[in-house]
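One file, input_28.cif, carrying mmCIF, C-alpha atoms:
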```cif
data_start
loop_
_atom_site.group_PDB
_atom_site.id
_atom_site.type_symbol
_atom_site.label_atom_id
_atom_site.label_comp_id
_atom_site.auth_asym_id
_atom_site.auth_seq_id
_atom_site.Cartn_x
_atom_site.Cartn_y
_atom_site.Cartn_z
ATOM 1 C CA MET A 1 -55.374 -11.034 85.569
ATOM 2 C CA ALA A 2 -51.592 -10.752 85.844
ATOM 3 C CA LYS A 3 -50.049 -7.285 85.785
ATOM 4 C CA LEU A 4 -48.130 -6.631 82.575
ATOM 5 C CA ASP A 5 -45.431 -4.053 81.898
ATOM 6 C CA LEU A 6 -45.520 -2.882 78.274
ATOM 7 C CA HIS A 7 -42.983 -0.187 77.515
ATOM 8 C CA GLY A 8 -40.019 0.656 75.311
ATOM 9 C CA MET A 9 -39.550 -0.666 71.801
ATOM 10 C CA ILE A 10 -42.037 -3.446 71.092
ATOM 11 C CA SER A 11 -41.674 -5.093 67.707
ATOM 12 C CA THR A 12 -44.199 -6.748 65.485
ATOM 13 C CA VAL A 13 -43.078 -9.898 63.680
ATOM 14 C CA VAL A 14 -43.857 -10.921 60.120
ATOM 15 C CA THR A 15 -45.660 -14.131 59.241
ATOM 16 C CA PRO A 16 -43.492 -15.904 56.649
ATOM 17 C CA PHE A 17 -45.461 -17.721 53.949
ATOM 18 C CA ASP A 18 -43.947 -20.257 51.558
ATOM 19 C CA GLU A 19 -44.634 -20.909 47.876
ATOM 20 C CA ARG A 20 -47.773 -22.866 48.819
ATOM 21 C CA ASP A 21 -49.085 -19.924 50.884
ATOM 22 C CA GLN A 22 -48.510 -21.878 54.113
ATOM 23 C CA VAL A 23 -46.862 -20.525 57.267
ATOM 24 C CA ASP A 24 -43.139 -21.329 57.510
ATOM 25 C CA LEU A 25 -42.520 -21.814 61.234
ATOM 26 C CA ASP A 26 -38.747 -22.210 60.917
ATOM 27 C CA LEU A 27 -38.450 -18.781 59.290
ATOM 28 C CA LEU A 28 -40.752 -17.365 61.980
ATOM 29 C CA ARG A 29 -38.512 -18.727 64.754
ATOM 30 C CA ALA A 30 -35.448 -17.180 63.122
ATOM 31 C CA GLU A 31 -37.126 -13.773 62.968
ATOM 32 C CA VAL A 32 -38.182 -13.948 66.613
ATOM 33 C CA LYS A 33 -34.603 -14.807 67.608
ATOM 34 C CA TYR A 34 -33.275 -11.863 65.573
ATOM 35 C CA LEU A 35 -35.670 -9.441 67.261
ATOM 36 C CA LEU A 36 -34.827 -10.747 70.721
ATOM 37 C CA ASP A 37 -31.104 -10.384 70.016
ATOM 38 C CA ALA A 38 -31.750 -6.774 68.987
ATOM 39 C CA GLY A 39 -33.140 -5.980 72.440
ATOM 40 C CA VAL A 40 -36.852 -5.376 71.822
ATOM 41 C CA THR A 41 -38.957 -5.294 74.986
ATOM 42 C CA ALA A 42 -41.879 -7.382 73.683
ATOM 43 C CA ILE A 43 -43.040 -9.038 70.454
ATOM 44 C CA CYS A 44 -46.461 -8.863 68.802
ATOM 45 C CA ALA A 45 -47.541 -11.658 66.446
ATOM 46 C CA CYS A 46 -50.547 -11.768 64.091
ATOM 47 C CA GLY A 47 -50.919 -7.988 63.879
ATOM 48 C CA SER A 48 -50.985 -5.964 60.667
ATOM 49 C CA THR A 49 -47.289 -6.614 59.973
ATOM 50 C CA GLY A 50 -48.009 -10.294 60.572
ATOM 51 C CA GLU A 51 -50.947 -10.157 58.118
ATOM 52 C CA GLY A 52 -53.264 -11.159 60.947
ATOM 53 C CA GLN A 53 -56.370 -10.222 58.989
ATOM 54 C CA THR A 54 -55.607 -13.112 56.608
ATOM 55 C CA LEU A 55 -55.079 -15.808 59.246
ATOM 56 C CA SER A 56 -57.451 -18.535 60.337
ATOM 57 C CA VAL A 57 -57.910 -19.129 64.038
ATOM 58 C CA GLU A 58 -55.840 -22.321 63.718
ATOM 59 C CA GLU A 59 -52.991 -20.479 61.991
ATOM 60 C CA SER A 60 -53.118 -17.680 64.558
ATOM 61 C CA ARG A 61 -52.873 -20.178 67.411
ATOM 62 C CA LEU A 62 -49.967 -22.031 65.787
ATOM 63 C CA ILE A 63 -48.052 -18.818 65.072
ATOM 64 C CA CYS A 64 -48.485 -17.562 68.630
ATOM 65 C CA GLU A 65 -47.514 -20.958 70.091
ATOM 66 C CA THR A 66 -44.334 -20.820 68.009
ATOM 67 C CA VAL A 67 -43.476 -17.267 69.079
ATOM 68 C CA VAL A 68 -44.195 -18.046 72.740
ATOM 69 C CA GLY A 69 -41.970 -21.123 72.534
ATOM 70 C CA GLU A 70 -39.077 -19.234 70.949
ATOM 71 C CA VAL A 71 -39.364 -16.286 73.342
ATOM 72 C CA ALA A 72 -39.380 -18.668 76.326
ATOM 73 C CA GLY A 73 -40.476 -16.013 78.792
ATOM 74 C CA ARG A 74 -37.744 -13.482 78.015
ATOM 75 C CA VAL A 75 -40.196 -10.748 77.005
ATOM 76 C CA PRO A 76 -44.004 -10.505 76.822
ATOM 77 C CA VAL A 77 -45.740 -11.883 73.746
ATOM 78 C CA ILE A 78 -48.802 -10.060 72.400
ATOM 79 C CA GLY A 79 -51.252 -11.836 70.091
ATOM 80 C CA GLY A 80 -53.134 -9.858 67.462
ATOM 81 C CA VAL A 81 -56.873 -10.154 66.838
ATOM 82 C CA ILE A 82 -58.361 -8.399 63.778
ATOM 83 C CA GLN A 83 -62.017 -9.419 63.646
ATOM 84 C CA ASN A 84 -65.425 -7.826 63.158
ATOM 85 C CA SER A 85 -67.712 -9.211 65.836
ATOM 86 C CA THR A 86 -67.559 -9.857 69.540
ATOM 87 C CA ALA A 87 -68.087 -13.572 68.942
ATOM 88 C CA GLN A 88 -65.192 -13.898 66.507
ATOM 89 C CA ALA A 89 -62.884 -11.707 68.596
ATOM 90 C CA ILE A 90 -63.557 -13.912 71.639
ATOM 91 C CA ARG A 91 -63.001 -17.078 69.565
ATOM 92 C CA TYR A 92 -59.592 -15.883 68.357
ATOM 93 C CA SER A 93 -58.660 -14.441 71.760
ATOM 94 C CA LEU A 94 -59.350 -17.715 73.561
ATOM 95 C CA ALA A 95 -57.246 -19.582 71.008
ATOM 96 C CA LEU A 96 -54.339 -17.180 71.547
ATOM 97 C CA LYS A 97 -54.699 -17.500 75.307
ATOM 98 C CA GLU A 98 -54.370 -21.268 74.878
ATOM 99 C CA ALA A 99 -51.229 -20.577 72.822
ATOM 100 C CA GLY A 100 -49.727 -18.825 75.837
ATOM 101 C CA VAL A 101 -49.691 -15.139 74.901
ATOM 102 C CA ASP A 102 -49.364 -12.582 77.680
ATOM 103 C CA ALA A 103 -51.723 -10.006 76.173
ATOM 104 C CA LEU A 104 -54.015 -9.354 73.223
ATOM 105 C CA GLN A 105 -53.909 -6.563 70.642
ATOM 106 C CA ILE A 106 -57.470 -6.085 69.384
ATOM 107 C CA THR A 107 -58.819 -3.754 66.723
ATOM 108 C CA PRO A 108 -62.284 -2.255 67.109
ATOM 109 C CA VAL A 109 -65.017 -3.520 64.804
ATOM 110 C CA HIS A 110 -64.374 -1.745 61.506
ATOM 111 C CA TYR A 111 -65.949 -3.424 58.468
ATOM 112 C CA VAL A 112 -68.032 -0.722 56.719
ATOM 113 C CA PHE A 113 -69.944 0.261 59.865
ATOM 114 C CA LYS A 114 -68.501 2.023 62.884
ATOM 115 C CA PRO A 115 -69.801 1.066 66.361
ATOM 116 C CA SER A 116 -70.986 3.683 68.850
ATOM 117 C CA ALA A 117 -69.043 4.566 71.990
ATOM 118 C CA GLU A 118 -71.340 2.371 74.075
ATOM 119 C CA GLU A 119 -70.932 -0.558 71.665
ATOM 120 C CA THR A 120 -67.155 -0.139 71.706
ATOM 121 C CA VAL A 121 -67.074 -0.211 75.510
ATOM 122 C CA ALA A 122 -69.294 -3.317 75.531
ATOM 123 C CA TYR A 123 -67.084 -4.980 72.911
ATOM 124 C CA TYR A 124 -63.892 -4.688 74.932
ATOM 125 C CA ARG A 125 -65.632 -5.432 78.236
ATOM 126 C CA GLU A 126 -67.131 -8.682 76.930
ATOM 127 C CA ILE A 127 -63.839 -9.843 75.432
ATOM 128 C CA GLY A 128 -61.984 -9.049 78.644
ATOM 129 C CA GLU A 129 -64.492 -10.897 80.806
ATOM 130 C CA ALA A 130 -64.488 -13.926 78.507
ATOM 131 C CA VAL A 131 -60.714 -14.221 78.090
ATOM 132 C CA ASP A 132 -59.190 -12.590 81.211
ATOM 133 C CA LEU A 133 -56.019 -11.304 79.570
ATOM 134 C CA PRO A 134 -54.661 -7.747 79.311
ATOM 135 C CA ILE A 135 -55.888 -6.004 76.158
ATOM 136 C CA VAL A 136 -54.220 -3.397 73.966
ATOM 137 C CA LEU A 137 -56.723 -1.376 71.933
ATOM 138 C CA TYR A 138 -55.245 -1.266 68.424
ATOM 139 C CA ASN A 139 -56.475 2.105 67.173
ATOM 140 C CA VAL A 140 -55.471 1.752 63.531
ATOM 141 C CA VAL A 141 -58.477 1.815 61.195
ATOM 142 C CA PRO A 142 -58.713 5.297 59.593
ATOM 143 C CA TRP A 143 -62.504 5.213 59.117
ATOM 144 C CA ALA A 144 -63.156 3.736 62.553
ATOM 145 C CA LEU A 145 -60.695 5.460 64.872
ATOM 146 C CA VAL A 146 -61.798 5.345 68.500
ATOM 147 C CA PRO A 147 -61.884 8.981 69.706
ATOM 148 C CA VAL A 148 -60.411 10.128 73.007
ATOM 149 C CA ASP A 149 -63.865 10.666 74.532
ATOM 150 C CA THR A 150 -64.669 6.982 73.965
ATOM 151 C CA ILE A 151 -61.260 5.860 75.227
ATOM 152 C CA GLU A 152 -61.932 7.772 78.444
ATOM 153 C CA LYS A 153 -65.169 5.774 78.808
ATOM 154 C CA LEU A 154 -63.154 2.579 78.350
ATOM 155 C CA ALA A 155 -61.546 3.252 81.729
ATOM 156 C CA VAL A 156 -64.374 1.112 83.175
ATOM 157 C CA VAL A 157 -62.945 -1.950 81.377
ATOM 158 C CA PRO A 158 -60.322 -3.380 83.759
ATOM 159 C CA HIS A 159 -58.729 -5.671 81.161
ATOM 160 C CA LEU A 160 -57.954 -2.779 78.804
ATOM 161 C CA VAL A 161 -54.455 -1.703 79.829
ATOM 162 C CA ALA A 162 -53.019 0.045 76.768
ATOM 163 C CA VAL A 163 -53.808 1.938 73.578
ATOM 164 C CA LYS A 164 -51.690 1.473 70.482
ATOM 165 C CA GLN A 165 -52.261 4.674 68.551
ATOM 166 C CA SER A 166 -51.789 4.238 64.839
ATOM 167 C CA GLY A 167 -53.931 5.466 61.970
ATOM 168 C CA GLY A 168 -51.449 8.225 61.113
ATOM 169 C CA ASP A 169 -52.904 10.678 63.628
ATOM 170 C CA MET A 170 -50.284 12.483 65.734
ATOM 171 C CA HIS A 171 -52.974 14.862 67.026
ATOM 172 C CA LEU A 172 -54.936 11.971 68.516
ATOM 173 C CA LEU A 173 -51.752 10.613 70.086
ATOM 174 C CA ALA A 174 -51.079 14.003 71.681
ATOM 175 C CA ASP A 175 -54.623 14.143 73.072
ATOM 176 C CA LEU A 176 -54.365 10.598 74.421
ATOM 177 C CA LEU A 177 -51.138 11.419 76.230
ATOM 178 C CA HIS A 178 -52.653 14.586 77.638
ATOM 179 C CA ARG A 179 -55.900 13.030 78.837
ATOM 180 C CA VAL A 180 -55.427 9.321 79.597
ATOM 181 C CA ARG A 181 -51.733 8.568 80.064
ATOM 182 C CA ASP A 182 -52.313 8.041 83.784
ATOM 183 C CA ARG A 183 -54.959 5.374 83.101
ATOM 184 C CA PHE A 184 -53.584 3.581 80.043
ATOM 185 C CA THR A 185 -50.167 2.733 78.666
ATOM 186 C CA ILE A 186 -49.908 4.711 75.426
ATOM 187 C CA LEU A 187 -47.893 3.046 72.659
ATOM 188 C CA ALA A 188 -47.021 4.867 69.446
ATOM 189 C CA ALA A 189 -47.452 3.155 66.100
ATOM 190 C CA LEU A 190 -46.648 6.255 64.045
ATOM 191 C CA ASP A 191 -43.589 4.731 62.395
ATOM 192 C CA ASP A 192 -42.120 7.998 61.128
ATOM 193 C CA LEU A 193 -42.720 9.904 64.389
ATOM 194 C CA HIS A 194 -41.446 7.723 67.217
ATOM 195 C CA TYR A 195 -38.907 10.326 68.285
ATOM 196 C CA ALA A 196 -41.615 12.965 68.640
ATOM 197 C CA ALA A 197 -43.929 10.503 70.389
ATOM 198 C CA PHE A 198 -41.292 9.623 72.968
ATOM 199 C CA VAL A 199 -40.553 13.289 73.640
ATOM 200 C CA LEU A 200 -44.286 13.835 74.204
ATOM 201 C CA GLY A 201 -44.229 11.078 76.813
ATOM 202 C CA ALA A 202 -45.413 7.911 75.062
ATOM 203 C CA HIS A 203 -44.633 4.856 77.165
ATOM 204 C CA GLY A 204 -43.139 3.123 74.136
ATOM 205 C CA ALA A 205 -43.876 2.013 70.599
ATOM 206 C CA LEU A 206 -45.519 -1.049 69.086
ATOM 207 C CA ALA A 207 -45.081 -0.768 65.370
ATOM 208 C CA ALA A 208 -43.911 -2.128 62.029
ATOM 209 C CA ILE A 209 -40.642 -0.233 61.607
ATOM 210 C CA PRO A 210 -38.836 -1.981 64.517
ATOM 211 C CA THR A 211 -39.404 -5.206 62.582
ATOM 212 C CA VAL A 212 -37.059 -3.825 59.921
ATOM 213 C CA THR A 213 -34.779 -1.633 62.074
ATOM 214 C CA PRO A 214 -34.920 -3.231 65.541
ATOM 215 C CA ARG A 215 -31.468 -2.198 66.736
ATOM 216 C CA LEU A 216 -31.824 1.398 65.523
ATOM 217 C CA SER A 217 -35.306 1.598 67.044
ATOM 218 C CA VAL A 218 -34.115 0.282 70.423
ATOM 219 C CA GLU A 219 -31.227 2.762 70.315
ATOM 220 C CA LEU A 220 -33.703 5.573 69.576
ATOM 221 C CA TRP A 221 -35.805 4.707 72.626
ATOM 222 C CA ASP A 222 -32.703 4.479 74.803
ATOM 223 C CA ALA A 223 -31.331 7.795 73.504
ATOM 224 C CA VAL A 224 -34.534 9.675 74.324
ATOM 225 C CA GLN A 225 -34.670 8.124 77.804
ATOM 226 C CA ALA A 226 -31.057 9.233 78.342
ATOM 227 C CA GLY A 227 -31.808 12.756 77.107
ATOM 228 C CA ASP A 228 -29.362 12.450 74.190
ATOM 229 C CA HIS A 229 -31.442 14.296 71.619
ATOM 230 C CA ALA A 230 -28.629 14.780 69.130
ATOM 231 C CA LEU A 231 -28.245 11.009 68.851
ATOM 232 C CA ALA A 232 -32.019 10.527 68.889
ATOM 233 C CA LEU A 233 -32.462 12.916 65.955
ATOM 234 C CA GLU A 234 -29.743 11.156 63.975
ATOM 235 C CA LEU A 235 -31.374 7.774 64.603
ATOM 236 C CA HIS A 236 -34.818 9.176 63.748
ATOM 237 C CA GLU A 237 -33.582 10.369 60.365
ATOM 238 C CA ARG A 238 -31.942 7.035 59.549
ATOM 239 C CA ILE A 239 -35.132 5.176 60.488
ATOM 240 C CA LEU A 240 -37.275 7.682 58.560
ATOM 241 C CA THR A 241 -35.245 7.038 55.407
ATOM 242 C CA VAL A 242 -36.092 3.343 55.621
ATOM 243 C CA TRP A 243 -39.754 3.912 56.487
ATOM 244 C CA ARG A 244 -40.306 6.184 53.494
ATOM 245 C CA ALA A 245 -38.905 3.454 51.239
ATOM 246 C CA ILE A 246 -41.163 0.674 52.540
ATOM 247 C CA ASP A 247 -44.372 2.570 53.329
ATOM 248 C CA GLY A 248 -47.213 1.755 50.966
ATOM 249 C CA PRO A 249 -50.336 -0.352 50.380
ATOM 250 C CA ASN A 250 -48.210 -3.499 49.913
ATOM 251 C CA LEU A 251 -46.383 -3.029 53.234
ATOM 252 C CA PRO A 252 -46.083 -6.756 54.096
ATOM 253 C CA ALA A 253 -44.240 -7.301 50.801
ATOM 254 C CA THR A 254 -41.909 -4.326 51.177
ATOM 255 C CA ILE A 255 -41.115 -5.190 54.790
ATOM 256 C CA LYS A 256 -40.174 -8.712 53.739
ATOM 257 C CA ALA A 257 -38.003 -7.318 50.935
ATOM 258 C CA ALA A 258 -36.232 -5.094 53.476
ATOM 259 C CA LEU A 259 -35.577 -8.121 55.674
ATOM 260 C CA GLU A 260 -34.202 -10.130 52.754
ATOM 261 C CA LEU A 261 -31.874 -7.317 51.712
ATOM 262 C CA GLN A 262 -30.435 -7.413 55.243
ATOM 263 C CA GLY A 263 -29.761 -11.148 55.009
ATOM 264 C CA ARG A 264 -32.942 -12.216 56.814
ATOM 265 C CA ASN A 265 -35.828 -14.260 55.404
ATOM 266 C CA GLY A 266 -39.401 -13.212 56.088
ATOM 267 C CA GLY A 267 -40.853 -15.452 53.399
ATOM 268 C CA ARG A 268 -43.494 -14.323 50.934
ATOM 269 C CA PRO A 269 -46.537 -12.127 51.577
ATOM 270 C CA ARG A 270 -49.868 -13.925 51.660
ATOM 271 C CA ARG A 271 -51.679 -14.046 48.342
ATOM 272 C CA PRO A 272 -53.121 -12.186 46.548
ATOM 273 C CA PHE A 273 -50.207 -9.846 47.376
ATOM 274 C CA SER A 274 -47.031 -10.417 45.382
ATOM 275 C CA PRO A 275 -43.427 -9.975 46.505
ATOM 276 C CA ALA A 276 -41.913 -6.526 46.087
ATOM 277 C CA THR A 277 -41.052 -5.519 42.538
ATOM 278 C CA GLN A 278 -37.481 -4.990 41.390
ATOM 279 C CA GLN A 279 -38.081 -1.237 41.368
ATOM 280 C CA GLU A 280 -39.322 -1.369 44.971
ATOM 281 C CA ARG A 281 -36.365 -3.521 45.993
ATOM 282 C CA GLU A 282 -33.895 -1.042 44.514
ATOM 283 C CA ARG A 283 -35.587 1.821 46.350
ATOM 284 C CA ILE A 284 -35.435 -0.143 49.606
ATOM 285 C CA ARG A 285 -31.827 -1.167 48.991
ATOM 286 C CA ALA A 286 -30.817 2.472 48.558
ATOM 287 C CA ALA A 287 -32.605 3.464 51.759
ATOM 288 C CA LEU A 288 -31.016 0.668 53.793
ATOM 289 C CA ALA A 289 -27.604 1.696 52.492
ATOM 290 C CA ALA A 290 -28.270 5.351 53.338
ATOM 291 C CA ALA A 291 -29.209 4.252 56.865
ATOM 292 C CA ASN A 292 -25.945 2.250 57.113
ATOM 293 C CA LEU A 293 -27.839 -1.015 57.548
ATOM 294 C CA ILE A 294 -26.262 -2.657 54.488
ATOM 295 C CA ASP A 295 -23.136 -1.943 52.432
#
```

For this file, produce the structure as C-alpha cells.
Amino acid sequence: MAKLDLHGMISTVVTPFDERDQVDLDLLRAEVKYLLDAGVTAICACGSTGEGQTLSVEESRLICETVVGEVAGRVPVIGGVIQNSTAQAIRYSLALKEAGVDALQITPVHYVFKPSAEETVAYYREIGEAVDLPIVLYNVVPWALVPVDTIEKLAVVPHLVAVKQSGGDMHLLADLLHRVRDRFTILAALDDLHYAAFVLGAHGALAAIPTVTPRLSVELWDAVQAGDHALALELHERILTVWRAIDGPNLPATIKAALELQGRNGGRPRRPFSPATQQERERIRAALAAANLID
C-alpha cells in the first residue's frame, strides 16, 4: 500500500445531475478544475456532498474516473463509499480502485443497527485486505458514531490511515486529537469549527464548506499554520456566515444554489430532492454577499 499524505484543506465535490437525473460529467470536470485552481490539497468524490448514498456502483466508478482524469495526479483523489455491509463496501471499493482513486472514505455500517467495536474493526480490516488502499473512516452518522475507544482498537488495521470526524461532535474531535493523533491523521468535518479544529491540532479538514468557499477555506488553513489568528478569525466568520445559510436537511440543493450564485454550475440535486427554493436562494445570496464572495 502506497503511503499517502492527507493534510490541509481537502474539498468534497458535488455530483451534478441533469433534468433526467443523470450525472453530468462536463459540469463535474468544471467543478474539479475550479477546486484545483483554488488550491485545495485533495478532492473527495461520492461522499455526502456528492450524494454518494444515492449512486450505483457504476455511477460511482464513472464519477471517480472522471475526477481522477481531471486531477491528473496533481492532488490525491478520495472515493466515497456509503454502504451497509462488508460485501457491498468491498464491491464499491474495488470499483473505485479500478477508477484510480488514491484512497477510500468509508462510513461505518449505520442502517438502523449499530455494529459492535469488534464488528467495526473486522469491517475495516476485511475491506482493507480485499482492496489494499488507504482508508479514511468517515465518522458522520449521528446514531452510529464510532467512539474513541473503538478507534483506538482500529490501530490494528494497517489500511486505516485517517479519521474524518463529522457528526457535529467537537468533543469527540478533541478526544481523538488527544488520544490518537499520533496513529491516525485526524481530519475535521465540522464545517463551522474548522478554525478551532486547526488550533487544536487537526491535520486538516475534509468537508462540505470548502466546496462552496474553497479559496477562503484554503486561506484559513494557511493563516492558522502561519500563526495569523486575526486573519484566521476574520476568515472563520466569513465562512461561518455562508455555512449558516446553506446548512440544513437539503444540503446538496443549497450547496448547488450557492455554487450557481457564484457563477458555477453544480447541476441539480438527485431526486426526490428539489432545487433550493427562492427563499433559500435569497438567504444564500445575502450570506455570499456578506462574505464578499459576490457583489

- Query: Quick one: of A:Arg181, A:Arg29, A:His159, A:Arg244, who's nearest to A:Gly266, counting all atoms listed in the file?
  - Reply: A:Arg29

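If all atoms listed in the file are the atoms counted, then among A:Ser217, A:Gln262, A:Gln279, A:Asn292 the closest residue to A:Ala245 is A:Gln279.
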
Would you write out, as JSON lines, a table of all residues in stretch 213-280 of chain A that have an atom no more than 8 Å from an atom of stretch 10-20 of chain A, listing for each the closest atom pair and the distance in Å to one decimal, considering all atoms listed in the file and ordering rows by chain and rising residue number?
```
{"residue": "A:Pro214", "atom": "CA", "partner": "A:Ser11", "partner_atom": "CA", "distance": 7.3}
{"residue": "A:Pro252", "atom": "CA", "partner": "A:Val14", "partner_atom": "CA", "distance": 7.7}
{"residue": "A:Lys256", "atom": "CA", "partner": "A:Val14", "partner_atom": "CA", "distance": 7.7}
{"residue": "A:Asn265", "atom": "CA", "partner": "A:Pro16", "partner_atom": "CA", "distance": 7.9}
{"residue": "A:Gly266", "atom": "CA", "partner": "A:Pro16", "partner_atom": "CA", "distance": 4.9}
{"residue": "A:Gly267", "atom": "CA", "partner": "A:Pro16", "partner_atom": "CA", "distance": 4.2}
{"residue": "A:Arg268", "atom": "CA", "partner": "A:Phe17", "partner_atom": "CA", "distance": 5.0}
{"residue": "A:Pro269", "atom": "CA", "partner": "A:Phe17", "partner_atom": "CA", "distance": 6.2}
{"residue": "A:Arg270", "atom": "CA", "partner": "A:Phe17", "partner_atom": "CA", "distance": 6.3}
```

- How would you write, as a ChimeraX atom specification, the residues chosen by the PyMOL selection byres ((chain A and resi 146-148) around 12) on this structure? /A:107-110,114-121,137-145,149-155,163-167,169,171-181,184

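Among the candidate residues A:Thr49, A:Arg238, A:Val157, A:Ala189, the one lying nearest to A:Thr254 is A:Thr49, with distances computed using all atoms listed in the file.
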
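As for atom CA of A:Glu219 and atom CA of A:Ile186, they are spaced 19.5 Å apart.
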
Listed atoms of stretch 185-196 of chain A boxed along x, y and z, 6 Å each side, centre and edge lengths in Å, one decimal, as lines of an AutoDock Vina configuration file:
```
center_x = -44.5
center_y = 7.8
center_z = 69.9
size_x = 23.3
size_y = 22.2
size_z = 29.5
```

- Residue nearest A:His203 among A:Leu62, A:Leu6, A:Val136, A:Leu216 (counting only C-alpha atoms): A:Leu6

- Item | stretch 77-85 of chain A surroundings by all atoms listed in the file, 6 Å radius, close-in-sequence under 3 positions cut, as a VMD selection string | chain A and resid 42 to 47 53 88 to 89 101 to 107 109

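You can rank A:Thr241, A:Asn250, A:Gln225, A:Thr86 by their closest distance to A:Tyr195 using only C-alpha atoms, and at the top of that list sits A:Gln225.
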
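Between atom CA of A:Glu59 and atom CA of A:Val75 the separation is 22.0 Å.
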